[in-house]
Structure formats: structure tokens, C-alpha cells
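Enquirer: My questions will all concern the structure given below.
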Amino acid sequence: MTPIVEIIDVSKSYRRGNRTIPVLVDINLNIGEGEFLALMGPSGSGKSTLLNLIAALDQVDSGAIRVGGIDITALSENELAEWRAVNVGFIFQFYNLIPVLTAFENVELPLLLTGLSRKERNEHVEIALRIVNLEERMDHYPAQLSGGEQQRVAIARAIVTDPAILVADEPTGDLDKVAAREILELMDRLNRESNKTIIMVTHDPRAAEKARVIRRLEKGFLNDVHSQDPH
Amino acid sequence: MFILKILIRNAFRHKLRTLLTILGITVAILAFGLLRTFINAWYGGVEASSASRLVTRSSISLIFHLPLSYKDKIRQVDGVKVVSWGNWFGGVYIDEKNFFANFAVDAKSYLQLYPEYLLSPEETNAFLRDRKGFVAGRKLAKRFGWKIGDTVTLRGTIYPGNWDFVLRGIYRGRDETIDETQFFFHWDYLNETMKKRASARADQAGWYMVGVTRPDRATEVALAIDQTFKNSLAETLTETEKAFQLSFISMSETIIMAIELVSFVVIIIIIAVVANTMSMTYRERIGEYAIFKTLGYRGWRIAGMIVGESMVITLIGSFLGIVLTFPVARIVGKMLSNYFPVFNVAEEAIYMDLAASIIIGLIAAIVPTYRSVRIRIADGLRRIG
């Protein structure tokens, strides 16, 4: 499988007062196009930090990250913003929808940065909401939706620009079992049917079961590779 | 349109807080507008003054009078077109609280010099024919319910005794800057009465009003008049009507400065209030700004959202403040008509209100904007949940 993400000797640390705390140490990882990868590990192991680095939400201390052949560690702030808007869709634990916007408007947000006409934007939003099966609730505000529905809106927002990569940070962490299963099935479908590369951080083994590859992080080091047939 | 929608919805996310902030801005802009109107009212006489009129008075002080004989000598000065003269009468109508300006003037020349006081030909003739006649401004006549033909008695303070006058004309101002609360009567009536009661005080003019042939010759004519009376017993000081009015204002300069200072303090206070609101907003929305950045929104777009929200709140409050300034100024103007005959909201005050609103909106947004643009996405996202 051609790697879409190449992580080369990446290290990252945080400063707490005078102390430097290493979070990631010499990480090397290739993620193939269309792969569904679960990053697992205990709290503080650096999995969310690694996800943030892959998605260009944070900067490496050393090393390089190439996504689709582009070294994103060499891009400026503005170039990264543009790159994120086109290449990555984000799914967060707490959905992170804008409360004053309806489901439709939340999904439309990333499209406002594109040159699409209003009509084209509407079409894209409707398609994205149809994929997550929320067409009927497009005029609802986040507060009027259940947790599972909010996460589906977040997924629609993540896919509306048709990015190659979806990053998900504990996407089921705030959901009940039923809603969590629906979200995981939706992500699985996006991976299988739309060939989206999905990188998911989770500490929930049932969520990780949906992934094809599981990688574990322990105290900043990447451990074993575990491939599986997703359930 | 989408961004405007977000701005308005964000602005009213915390309705009570936003409404209280808008109320504060409304009151501040209203206070600012009223204070600017006070200052304009103070300079009302200056604005209404003519460039082609000079005032000649005693070089020592206005309280020292000048001989009546000066009028003929002033007339002979090259560039002088009309000469009129007058005295401050200082009469009291019934009670001292009913204060209004009242003067004795040489009627014919005075009306010629002040065409901005509009009188009908019938009223002008009636006034000129009746030595005991007087003319009152429209607002003054309205205030006391005087009608043409009414006899009005003033109690003299500078010139003792009761003085009866008959209302022969009610003038209107040519425009809204003209004081319509004045009372003027025939100088001859005052002079002849004084000849009988205190002859030493007769034939004395408080000041001369001089009309010049061309405004550009005003300075030259003023110098020539003063030169005429140099080394006499009553030397003169001649200045343009504007300078004469400003000399009165300079006496109360400290008060005007204090009012100006207070007006700017009001703006500074409201900047602090709006800045506080915007800071609270910023703290609550750090996570949201991080989400926008995550989705690819650049710093300037986020800055636009914060500044825009600040401007929405400020402009709503300012609009209400400006709209309210007019009726409130009318009420205040009525209450203070004794002291400020012309109390109109000037165009300049509105422009200053608008400028103040924009400054408030922008300054209040500086710190939240700076912080939100600078925040790292990962740090912002950590605040959610």
C-alpha cells in the first residue's frame, strides 16, 4: 500500500517551567492510502499529540512528516491552514460544533474557504448530510441534537470537502454504546466505500476493533504493529 | 452574509450581558453627545457672529462706558459702513430666576447691522415709531406668553426703577444658530430717562457695533478706530465680533476644558466596559477559535469575527445613543434655555459620536483579537470538554 503519511524521526516535547517533558521520541511510521489506523495507549502516551502533528495542528521539534508527498513540517502557518482545509477532515471527542450555527451551517463552514458558489455549497452540504443520514435535521442547532447526531454532523463537516485523510480523536469517547457503534460503522463505511484514510486515537478496544491496523504508544515510543480483520 | 450571520448570533449569545453592554454604550454615547452639545452651545454666539462686524469697547474693561460722541468719529473712519451702539440693561422680569439678556440699542442702525433677526416690515415700523417699544425673540415671547401690544415691566438693576416696555415685534432667527431669546429696546428711551434721573450716566454707550464695508478690511478698520482714540481719556479696544464673543468664552475656559475632559473620560470608561465584555467572550470561545483554525480559517478571518462582533455591539449601542441624543437635547435645551439660548445637536457632535463608536469597537477588540490569532490550535482545543 502506498504510504500517504510518512512520519520520519519525529520528536516532540513540552516545557513545564524549566523542565522539558518528552512526549514523542523518534517516531517513525508509514500510513498507507485508504488505511484505517487506530492509535492506542494510556493517557499521556502521546497519541493525541501524534495525531495533532499528522493533522498539522501542532509542530514537531525535530523530524519530518510528509503527507501526500508534501513535507508539512516545512510549511508556514498560512500554508498549513490552506493545506488543512483541503486535505484533512477532523472528528473530535466533543464534536466541536459551533453552537450558534445549524447543522447545515456547521457543515458548510469548511466550504466557505473554497471558491464554490452558494448553490454548489448547498449541494455538497446536502450530500454530506445524506451520507451521515441527517438530512432531516439540517436546520437543528447542536443543542437540539443528541450526542450521536452531533458527532454525525461533525463527520459530515469532516468529509464535506472530500479530504483524503480523516483524523479522529476519541470519536466515541463521549457517546453511549449504541451511538458509538453507529459512528464507528459510519467511519468504517467511509473507509471502505470512499477509500478515506482514517487515523483514529482511542483507548476503547471496541472502537479499535474497527481499525485494520492498531499501533500502540507507550511513554512516547511507538510499539508493535498489529494488523487485524476489522469486525 | 454568512459571516454577518455569525457575528450577530455570536453578539447575542449572552443576551443579558450584550444588552447591558449595549445599554452602557447607549448611555455613554448619549452623555458624550450631550457634553459635545454643551460645548457647542457655549460657542453658539461665536458661530452666529459675522465677519463684517466689529465691536468697539473700552480698552480697560467692558464695564467702563464710552462717550456717545465717539459714534461720529467712528463713522468717519475709512471702511466703516454702519455704526450702532448699545448698553447692557440687566433688567429683571418679575423674578431673577426669569433671566434673559436685555439691551438698549440704537434701533434703526442695530436692525440694519443684524439682518439675521427677522422682523416683518409692520413690526419693524411699529418698533421704530414707539420709543417705549421693544422686540423679543420668538422663544422668549413664547416662554412668557407675550403678545404684540403687551406691556412688560422690567426692574432695573444697573439703571434703577421700574421700566415699562410695549412689545412691538417678535423676531425669528434666520437659522437655528441665532439666539431667539433676546430682548432689545430703544437706547434713546434709556438715555433720556437717565438724563432726568442721573444725568452723569447719560450719553454713554456700553459698546459700539461697527459694520465694515468689506470683511477683509476688518482688521485694518479695527486698528484705525483704536488709533483714533489713542491717548484719549477713554481709549478703545476694537475687535471682530467673533473675537469679542470668544473673549467672553475665555472667561469660562476652565469649565469648557473640564466638560471636554469629562466627555473623553466617558469614552474611556465605556472602552473598558466593552473591552471587558469582549475579553469574557474571548475566554469562553478560545476552543471555537481553535476549531475555526483547525478547519483552515486564517488569523485575519478570526480577527474579523472578533472585531466584527465588537463593532456590532458598539454600533447598535451608538445608534441608539445618537437617536436618543436629539430628544434628550431638546429637553435639556428647554431646561437650560436661560443659559443656552441655542442648544442644538451639531452635525459635528454626531460625527464625533460615530468616530467614538468606531474607536470603542476597535480598541475593545484589540487584546482578544491578538490573543485569539496567536493561540496555538492544540492549546485551544485542550480547553474544550
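Please note that chains go A, B, ... in the order of the C-alpha cells, that every chain numbers its residues from 1, and that ligands are numbered from 1 in the order shown.
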Could the residues of chain A that have an atom at most 10 Å from chain B be listed as CSV, each with its closest atom pair and the distance in Å to one decimal, counting only C-alpha atoms and ordered by chain and ascending residue number?
Expert:
residue,atom,partner,partner_atom,distance
A:Ser48,CA,B:Ala378,CA,9.6
A:Thr49,CA,B:Ala378,CA,8.4
A:Asn52,CA,B:Ala378,CA,7.2
A:Leu53,CA,B:Ala378,CA,9.6
A:Ala55,CA,B:Thr294,CA,8.8
A:Ala56,CA,B:Thr294,CA,8.7
A:Leu57,CA,B:Ile377,CA,5.8
A:Asp58,CA,B:Ala378,CA,6.2
A:Gln59,CA,B:Ala378,CA,9.7
A:Glu77,CA,B:Arg298,CA,8.4
A:Asn78,CA,B:Arg298,CA,6.6
A:Glu79,CA,B:Gly296,CA,9.4
A:Leu80,CA,B:Gly296,CA,7.8
A:Ala81,CA,B:Gly296,CA,4.3
A:Glu82,CA,B:Gly296,CA,5.6
A:Trp83,CA,B:Gly296,CA,7.5
A:Arg84,CA,B:Gly296,CA,5.6
A:Ala85,CA,B:Gly296,CA,4.5
A:Val86,CA,B:Gly296,CA,8.2
A:Val88,CA,B:Leu295,CA,8.5
A:Gly89,CA,B:Leu295,CA,7.9
A:Phe90,CA,B:Leu295,CA,7.9
A:Phe92,CA,B:Leu381,CA,9.3
A:Gln93,CA,B:Gly385,CA,8.4
A:Phe94,CA,B:Gly385,CA,6.2
A:Tyr95,CA,B:Gly385,CA,9.6
A:Asn96,CA,B:Ile291,CA,6.9
A:Leu97,CA,B:Glu288,CA,8.1
A:Ile98,CA,B:Glu288,CA,6.8
A:Pro99,CA,B:Asn10,CA,9.3
A:Val100,CA,B:Arg9,CA,6.2
A:Leu101,CA,B:Ile6,CA,7.5
A:Glu105,CA,B:Phe2,CA,8.7
A:Glu108,CA,B:Phe2,CA,9.8
A:Leu109,CA,B:Leu295,CA,7.9
A:Pro110,CA,B:Leu295,CA,5.9
A:Leu111,CA,B:Leu295,CA,9.6
A:Leu112,CA,B:Phe2,CA,8.7
A:Leu113,CA,B:Tyr297,CA,7.4
A:Arg157,CA,B:Leu295,CA,9.3
A:Ala158,CA,B:Leu295,CA,8.7
A:Asp174,CA,B:Gly385,CA,9.6
Enquirer: Give the strand (DSSP E) residues of stretch 26-128 of chain A, as DSSP finds them on the backbone, and put them as a PyMOL selection string.
Expert: chain A and resi 26-32+36-40+62-67+70-71+88-91
Enquirer: Keeping C-alpha atoms for every residue in the selection just given, could you write it to a file as a compact mmCIF listing (two decimals), in the first residue's frame?
Expert:
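out12.txt written:
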# COMPACT_ATOMS: atom_id res chain seq x y z
CA ASP A 26 11.97 9.32 17.35
CA ILE A 27 8.70 8.17 15.92
CA ASN A 28 8.76 6.53 12.52
CA LEU A 29 5.52 5.47 10.94
CA ASN A 30 4.05 5.00 7.48
CA ILE A 31 0.32 5.06 6.94
CA GLY A 32 -0.94 3.70 3.67
CA PHE A 36 -7.83 2.64 8.93
CA LEU A 37 -5.31 3.04 11.74
CA ALA A 38 -6.06 3.08 15.45
CA LEU A 39 -3.54 4.68 17.76
CA MET A 40 -3.91 3.30 21.24
CA SER A 62 12.58 17.52 15.07
CA GLY A 63 11.96 15.12 12.23
CA ALA A 64 9.62 15.43 9.27
CA ILE A 65 6.09 14.49 8.33
CA ARG A 66 5.19 14.03 4.70
CA VAL A 67 1.58 13.81 3.72
CA ILE A 70 4.34 17.28 0.94
CA ASP A 71 6.62 17.95 3.90
CA VAL A 88 -7.76 16.78 6.36
CA GLY A 89 -11.14 16.24 7.97
CA PHE A 90 -11.38 16.41 11.76
CA ILE A 91 -13.57 14.45 14.15
Enquirer: For atom CA of B:Ser50 and atom CA of B:Ala141, quote the distance in Å rounded to one decimal.
Expert: 25.0 Å
Enquirer: Which residues are close to stretch 178-180 of chain A, i.e. within 7 Å by only C-alpha atoms, leaving aside same-chain residues fewer than 4 positions away? Reply as a PyMOL selection string.
Expert: chain A and resi 148+172+184
Enquirer: Give me the residues within 10 Å of A:Ile183 as a VMD selection string, counting only C-alpha atoms and dropping any in the same chain fewer than 4 places off.
Expert: chain A and resid 132 148 to 149 151 to 152 155 171 to 172 175 177 to 179 187 to 189 207
Enquirer: Atoms to include: N, CA and C atoms. Write the selected residues as a PDB file, in the first residue's frame.
Expert:
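What ended up in result-v8.pdb:
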ATOM      1  N   VAL A 132     -24.363  10.908   6.261  1.00  0.00           N
ATOM      2  CA  VAL A 132     -24.435  10.618   7.707  1.00  0.00           C
ATOM      3  C   VAL A 132     -25.894  10.451   8.167  1.00  0.00           C
ATOM      4  N   GLY A 148     -24.841  11.502  19.562  1.00  0.00           N
ATOM      5  CA  GLY A 148     -24.539  10.728  18.358  1.00  0.00           C
ATOM      6  C   GLY A 148     -24.816  11.543  17.111  1.00  0.00           C
ATOM      7  N   GLU A 149     -25.942  12.287  17.142  1.00  0.00           N
ATOM      8  CA  GLU A 149     -26.286  13.111  15.971  1.00  0.00           C
ATOM      9  C   GLU A 149     -25.266  14.237  15.784  1.00  0.00           C
ATOM     10  N   GLN A 151     -22.185  14.116  16.593  1.00  0.00           N
ATOM     11  CA  GLN A 151     -20.947  13.557  16.045  1.00  0.00           C
ATOM     12  C   GLN A 151     -21.113  13.250  14.553  1.00  0.00           C
ATOM     13  N   ARG A 152     -22.333  12.904  14.147  1.00  0.00           N
ATOM     14  CA  ARG A 152     -22.563  12.655  12.722  1.00  0.00           C
ATOM     15  C   ARG A 152     -22.460  13.964  11.931  1.00  0.00           C
ATOM     16  N   ILE A 155     -18.901  14.577  11.511  1.00  0.00           N
ATOM     17  CA  ILE A 155     -18.334  13.738  10.440  1.00  0.00           C
ATOM     18  C   ILE A 155     -18.697  14.324   9.069  1.00  0.00           C
ATOM     19  N   PRO A 171     -13.349   9.563  18.936  1.00  0.00           N
ATOM     20  CA  PRO A 171     -14.650   9.961  18.368  1.00  0.00           C
ATOM     21  C   PRO A 171     -15.845   9.379  19.097  1.00  0.00           C
ATOM     22  N   THR A 172     -15.607   8.308  19.865  1.00  0.00           N
ATOM     23  CA  THR A 172     -16.747   7.684  20.571  1.00  0.00           C
ATOM     24  C   THR A 172     -16.643   7.907  22.081  1.00  0.00           C
ATOM     25  N   LEU A 175     -19.820   9.142  23.816  1.00  0.00           N
ATOM     26  CA  LEU A 175     -21.097   8.599  23.339  1.00  0.00           C
ATOM     27  C   LEU A 175     -21.476   7.311  24.073  1.00  0.00           C
ATOM     28  N   LYS A 177     -23.142   3.398  24.046  1.00  0.00           N
ATOM     29  CA  LYS A 177     -22.746   2.240  23.223  1.00  0.00           C
ATOM     30  C   LYS A 177     -23.384   2.253  21.833  1.00  0.00           C
ATOM     31  N   VAL A 178     -24.689   2.527  21.817  1.00  0.00           N
ATOM     32  CA  VAL A 178     -25.423   2.464  20.544  1.00  0.00           C
ATOM     33  C   VAL A 178     -24.900   3.530  19.587  1.00  0.00           C
ATOM     34  N   ALA A 179     -24.799   4.752  20.126  1.00  0.00           N
ATOM     35  CA  ALA A 179     -24.330   5.860  19.276  1.00  0.00           C
ATOM     36  C   ALA A 179     -22.892   5.610  18.840  1.00  0.00           C
ATOM     37  N   MET A 187     -17.758   5.417  10.115  1.00  0.00           N
ATOM     38  CA  MET A 187     -16.338   5.622   9.766  1.00  0.00           C
ATOM     39  C   MET A 187     -15.823   4.443   8.935  1.00  0.00           C
ATOM     40  N   ASP A 188     -16.250   3.257   9.315  1.00  0.00           N
ATOM     41  CA  ASP A 188     -15.847   2.052   8.588  1.00  0.00           C
ATOM     42  C   ASP A 188     -16.322   2.132   7.134  1.00  0.00           C
ATOM     43  N   ARG A 189     -17.557   2.612   6.980  1.00  0.00           N
ATOM     44  CA  ARG A 189     -18.134   2.736   5.634  1.00  0.00           C
ATOM     45  C   ARG A 189     -17.351   3.752   4.800  1.00  0.00           C
ATOM     46  N   ALA A 207     -13.655   0.232  19.949  1.00  0.00           N
ATOM     47  CA  ALA A 207     -13.530   1.160  18.833  1.00  0.00           C
ATOM     48  C   ALA A 207     -12.364   0.731  17.939  1.00  0.00           C
TER      49      ALA A 207
END
Enquirer: Within 6 Å of stretch 268-278 of chain B, counting only C-alpha atoms, which residues qualify if same-chain residues fewer than 3 places away don't, as a list in words?
Expert: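 Contacts, with the query itself left out: Val265, Thr281, Ile360 and Ala364 of chain B.
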Enquirer: Based on the selection just made, write C-alpha atoms of those residues as a PDB file, in the first residue's frame.
Expert:
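Result file follows (out-v3.pdb):
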ATOM      1  CA  VAL B 265     -13.389  60.135  30.208  1.00  0.00           C
ATOM      2  CA  THR B 281     -16.278  36.452  25.089  1.00  0.00           C
ATOM      3  CA  ILE B 360     -14.597  51.973  21.111  1.00  0.00           C
ATOM      4  CA  ALA B 364     -12.106  46.927  22.815  1.00  0.00           C
TER       5      ALA B 364
END
